[in-house]
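run.tsv follows; it contains TSV, C-alpha atoms.
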```
chain	number	residue	atom	x	y	z
A	62	MET	CA	26.81	33.25	-3.88
A	63	GLN	CA	24.02	35.82	-3.59
A	64	LYS	CA	21.94	33.48	-1.44
A	65	LEU	CA	24.80	33.08	1.03
A	66	GLU	CA	25.30	36.85	1.12
A	67	LYS	CA	21.60	37.32	1.86
A	68	MET	CA	21.83	34.74	4.64
A	69	LEU	CA	24.80	36.59	6.14
A	70	ALA	CA	22.87	39.87	6.03
A	71	GLU	CA	19.95	38.27	7.89
A	72	ILE	CA	22.30	36.74	10.45
A	73	ASP	CA	23.95	40.13	10.99
A	74	ILE	CA	20.53	41.65	11.76
A	75	LYS	CA	19.78	38.85	14.22
A	76	ILE	CA	23.21	39.24	15.86
A	77	ALA	CA	22.58	42.95	16.42
A	78	GLY	CA	19.44	42.13	18.46
A	79	SER	CA	20.77	39.10	20.33
A	80	MET	CA	22.70	38.44	23.51
A	81	GLY	CA	24.37	35.55	25.29
A	82	LYS	CA	24.48	32.04	23.85
A	83	LYS	CA	22.12	32.90	21.00
A	84	ARG	CA	24.50	35.66	19.88
A	85	GLU	CA	27.49	33.30	20.15
A	86	GLY	CA	25.69	30.70	18.04
A	87	LEU	CA	24.82	33.25	15.37
A	88	LEU	CA	28.41	34.51	15.28
A	89	GLU	CA	29.63	30.94	14.85
A	90	ALA	CA	27.08	30.27	12.08
A	91	ARG	CA	28.21	33.43	10.28
A	92	GLU	CA	31.85	32.30	10.37
A	93	ILE	CA	30.96	28.83	9.09
A	94	ILE	CA	29.11	30.34	6.12
A	95	ARG	CA	31.98	32.72	5.37
A	96	LYS	CA	34.49	29.86	5.36
A	97	HIS	CA	32.47	28.13	2.65
A	98	MET	CA	32.19	31.22	0.46
A	99	ASP	CA	35.10	30.92	-1.95
A	100	ASP	CA	35.52	34.30	-3.56
A	101	GLY	CA	39.24	33.89	-4.17
A	102	TRP	CA	40.39	36.16	-1.33
A	103	ILE	CA	42.82	34.67	1.19
A	104	PRO	CA	42.80	36.30	4.64
A	105	VAL	CA	46.32	37.26	5.77
A	106	GLU	CA	45.62	35.45	9.07
A	107	GLU	CA	45.26	32.20	7.10
A	108	ARG	CA	48.27	32.49	4.84
A	109	LEU	CA	50.78	34.97	3.46
A	110	LEU	CA	52.53	34.88	0.11
A	111	GLU	CA	55.43	32.47	-0.17
A	112	ASP	CA	57.32	34.48	-2.79
A	113	GLU	CA	57.42	38.08	-3.90
A	114	GLU	CA	54.76	37.91	-6.61
A	115	MET	CA	52.40	40.77	-7.44
A	116	VAL	CA	48.85	40.18	-6.12
A	117	LEU	CA	45.65	42.07	-5.38
A	118	VAL	CA	45.19	43.11	-1.75
A	119	THR	CA	42.22	44.37	0.21
A	120	CYS	CA	43.21	47.13	2.61
A	121	GLN	CA	41.02	48.39	5.43
A	122	THR	CA	41.47	51.72	7.19
A	123	LYS	CA	40.91	52.26	10.91
A	124	THR	CA	37.47	53.69	10.06
A	125	GLY	CA	36.51	50.53	8.12
A	126	ARG	CA	36.84	51.87	4.58
A	127	LYS	CA	38.12	49.18	2.21
A	128	SER	CA	40.05	49.45	-1.05
A	129	VAL	CA	41.75	47.10	-3.50
A	130	ASN	CA	45.38	47.66	-4.56
A	131	ARG	CA	48.22	45.79	-6.25
A	132	ALA	CA	51.05	44.79	-3.93
A	133	TRP	CA	53.67	42.19	-3.11
A	134	TYR	CA	54.83	40.76	0.20
A	135	GLY	CA	58.49	40.48	1.12
A	136	GLU	CA	60.86	40.95	4.03
A	137	GLY	CA	57.90	40.90	6.44
A	138	PHE	CA	56.07	43.84	4.85
A	139	TRP	CA	53.54	44.58	2.13
A	140	HIS	CA	54.88	46.77	-0.68
A	141	GLY	CA	52.57	48.60	-3.07
A	142	SER	CA	50.89	51.84	-3.97
A	143	GLY	CA	49.18	53.65	-1.12
A	144	SER	CA	49.09	52.65	2.51
A	145	MET	CA	49.81	48.97	3.06
A	146	SER	CA	49.36	49.01	6.85
A	147	GLY	CA	45.84	47.59	6.80
A	148	VAL	CA	46.11	44.62	4.41
A	149	ILE	CA	43.43	42.11	5.44
A	150	ALA	CA	43.36	39.72	2.45
A	151	TRP	CA	45.04	38.96	-0.87
A	152	MET	CA	44.41	37.03	-4.09
A	153	PRO	CA	46.42	36.19	-7.21
A	154	LEU	CA	46.15	38.58	-10.13
A	155	PRO	CA	43.80	37.45	-12.90
A	156	GLU	CA	45.23	36.35	-16.22
A	157	PRO	CA	45.85	39.24	-18.65
A	158	TYR	CA	43.27	39.98	-21.33
A	159	ARG	CA	43.83	38.04	-24.52
A	160	PRO	CA	41.77	38.95	-27.57
A	161	GLU	CA	40.22	36.11	-29.47
A	162	GLN	CA	42.60	34.81	-32.09
A	163	THR	CA	41.16	34.36	-35.53
A	164	THR	CA	42.27	31.26	-37.29
A	165	GLN	CA	43.33	32.09	-40.81
A	166	ARG	CA	44.52	29.58	-43.30
A	167	PRO	CA	48.14	29.98	-44.28
A	168	GLU	CA	48.66	31.46	-47.75
A	169	TRP	CA	50.15	28.22	-49.05
A	170	LYS	CA	46.85	26.43	-48.42
A	171	ASP	CA	45.00	29.05	-50.43
A	172	ARG	CA	47.51	28.71	-53.29
A	173	MET	CA	47.24	24.89	-53.21
A	174	LEU	CA	43.45	25.02	-53.20
A	175	HIS	CA	43.50	27.52	-56.08
A	176	ALA	CA	45.88	25.31	-58.07
A	177	PHE	CA	43.87	22.13	-57.30
A	178	LEU	CA	40.64	23.70	-58.45
A	179	GLY	CA	42.31	24.99	-61.60
A	180	GLY	CA	41.92	28.65	-60.73
A	181	HIS	CA	38.18	28.38	-59.92
A	182	THR	CA	38.14	29.59	-56.31
```
Step by step, read the file and then write its structure as C-alpha cells.
Amino acid sequence: MQKLEKMLAEIDIKIAGSMGKKREGLLEAREIIRKHMDDGWIPVEERLLEDEEMVLVTCQTKTGRKSVNRAWYGEGFWHGSGSMSGVIAWMPLPEPYRPEQTTQRPEWKDRMLHAFLGGHT
C-alpha cells in the first residue's frame, strides 16, 4: 500500500505542474490507482448503507479537515456524534477485541488422570 501512496504523491506533484491533456491523463491515472487501493472505506457516492447499522464515517469540513466518527445512516441522513453534514466515506466497524482464551482441562480430566496414575501426578 505504501508504494501506491508514494506513486499518488508523485502524480499529485506532476499534476500541479501540468496543463491540458497531460494533466487530464495524470488525473485519470490517479483515479485508477485509487480505485485499486482497497483500504476498506466506501465512498458515499459509490454506495450508502442498506440498513441502520453503526459504522465508521470519514467527515470532511469545508476547509478540508477530516475526522473519523461513529454513525449510522437512516431516513436519508447520517446520524452520529458531531457534524454529519460532510460524510464522504464509510466502513463497517471492526470486530470487538477478544482476549486470547486459555484452554484449561476440565477438573474431571485432572481427577481421572490422578486416579489412573494412582495419585502420582
Inset, instruction - Please identify all polymer residues within 7 Å of region 149-152 of chain A, counting all atoms listed in the file, omitting same-chain residues fewer than 4 positions from it, and present them as a list in words. - result: Gly101, Trp102, Ile103, Pro104, Val105, Val116, Leu117, Val118, Thr119, Cys120 and Gln121 of chain A
Taking C-alpha atoms for each residue, export the selection above as a compact mmCIF listing (two decimals), in the frame of the given file.
```
# COMPACT_ATOMS: atom_id res chain seq x y z
CA GLY A 101 39.24 33.89 -4.17
CA TRP A 102 40.39 36.16 -1.33
CA ILE A 103 42.82 34.67 1.19
CA PRO A 104 42.80 36.30 4.64
CA VAL A 105 46.32 37.26 5.77
CA VAL A 116 48.85 40.18 -6.12
CA LEU A 117 45.65 42.07 -5.38
CA VAL A 118 45.19 43.11 -1.75
CA THR A 119 42.22 44.37 0.21
CA CYS A 120 43.21 47.13 2.61
CA GLN A 121 41.02 48.39 5.43
```
Inset, instruction - Please identify all polymer residues within 9 Å of region 63-79 of chain A, counting only C-alpha atoms, omitting same-chain residues fewer than 6 positions from it, and present them as a VMD selection string. - result: chain A and resid 85 87 to 88 90 to 91 94 to 95 98
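Picture a line from CA of Gly141 (chain A) to CA of Val129 (chain A); it runs 10.9 Å.
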Inset, instruction - Give me, please, the distance in Å between CA of Pro157 (chain A) and CA of Ala132 (chain A), quoted to one decimal. - result: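 According to the coordinates, CA of Pro157 (chain A) and CA of Ala132 (chain A) are separated by 16.6 Å.
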Inset, instruction - Compare A:Lys170, A:Arg108, A:Arg131, A:Lys83 by their minimum atom-to-atom distance to Gly143 (chain A), counting all atoms listed in the file, and give me the closest one. - result: A:Arg131
Inset, instruction - Find, counting all atoms listed in the file, the residue in A:Glu89, A:Pro153, A:Leu109, A:Lys123 that gets nearest to Gly135 (chain A). - result: A:Leu109
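One distance worth recording is that between CA of Ile93 (chain A) and CA of Met145 (chain A), which is 28.2 Å.
Of the residues under consideration (A:Asn130, A:Glu168, A:Glu161, A:Thr122), A:Thr122 shows the shortest atom-to-atom contact distance to Gly147 (chain A) when counting only C-alpha atoms.
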Inset, instruction - Between A:Met115, A:Met173, A:Met80, A:Leu178, single out the one closest to His140 (chain A), counting all atoms listed in the file. - result: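 Looking at the shortest contact to His140 (chain A), the residue is A:Met115.
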Legend entry - Local residues around (58.3, 37.6, -3.2), at most 9 Å away, using only C-alpha atoms, as a PyMOL selection string: chain A and resi 110-115+133-136
Box for region 148-157 of chain A - axis-aligned, 3 Å on each of the six sides, all listed atoms - centre and size in Å to one decimal, as AutoDock Vina command-line options.
```
--center_x 44.9 --center_y 40.4 --center_z -6.6 --size_x 9.1 --size_y 14.4 --size_z 30.1
```
Inset, instruction - Rank nothing, just name the residue among A:Val148, A:Gly81, A:Lys96, A:Glu106 nearest to Gly125 (chain A), using only C-alpha atoms. - result: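 Closest to Gly125 (chain A), using only C-alpha atoms: A:Val148.
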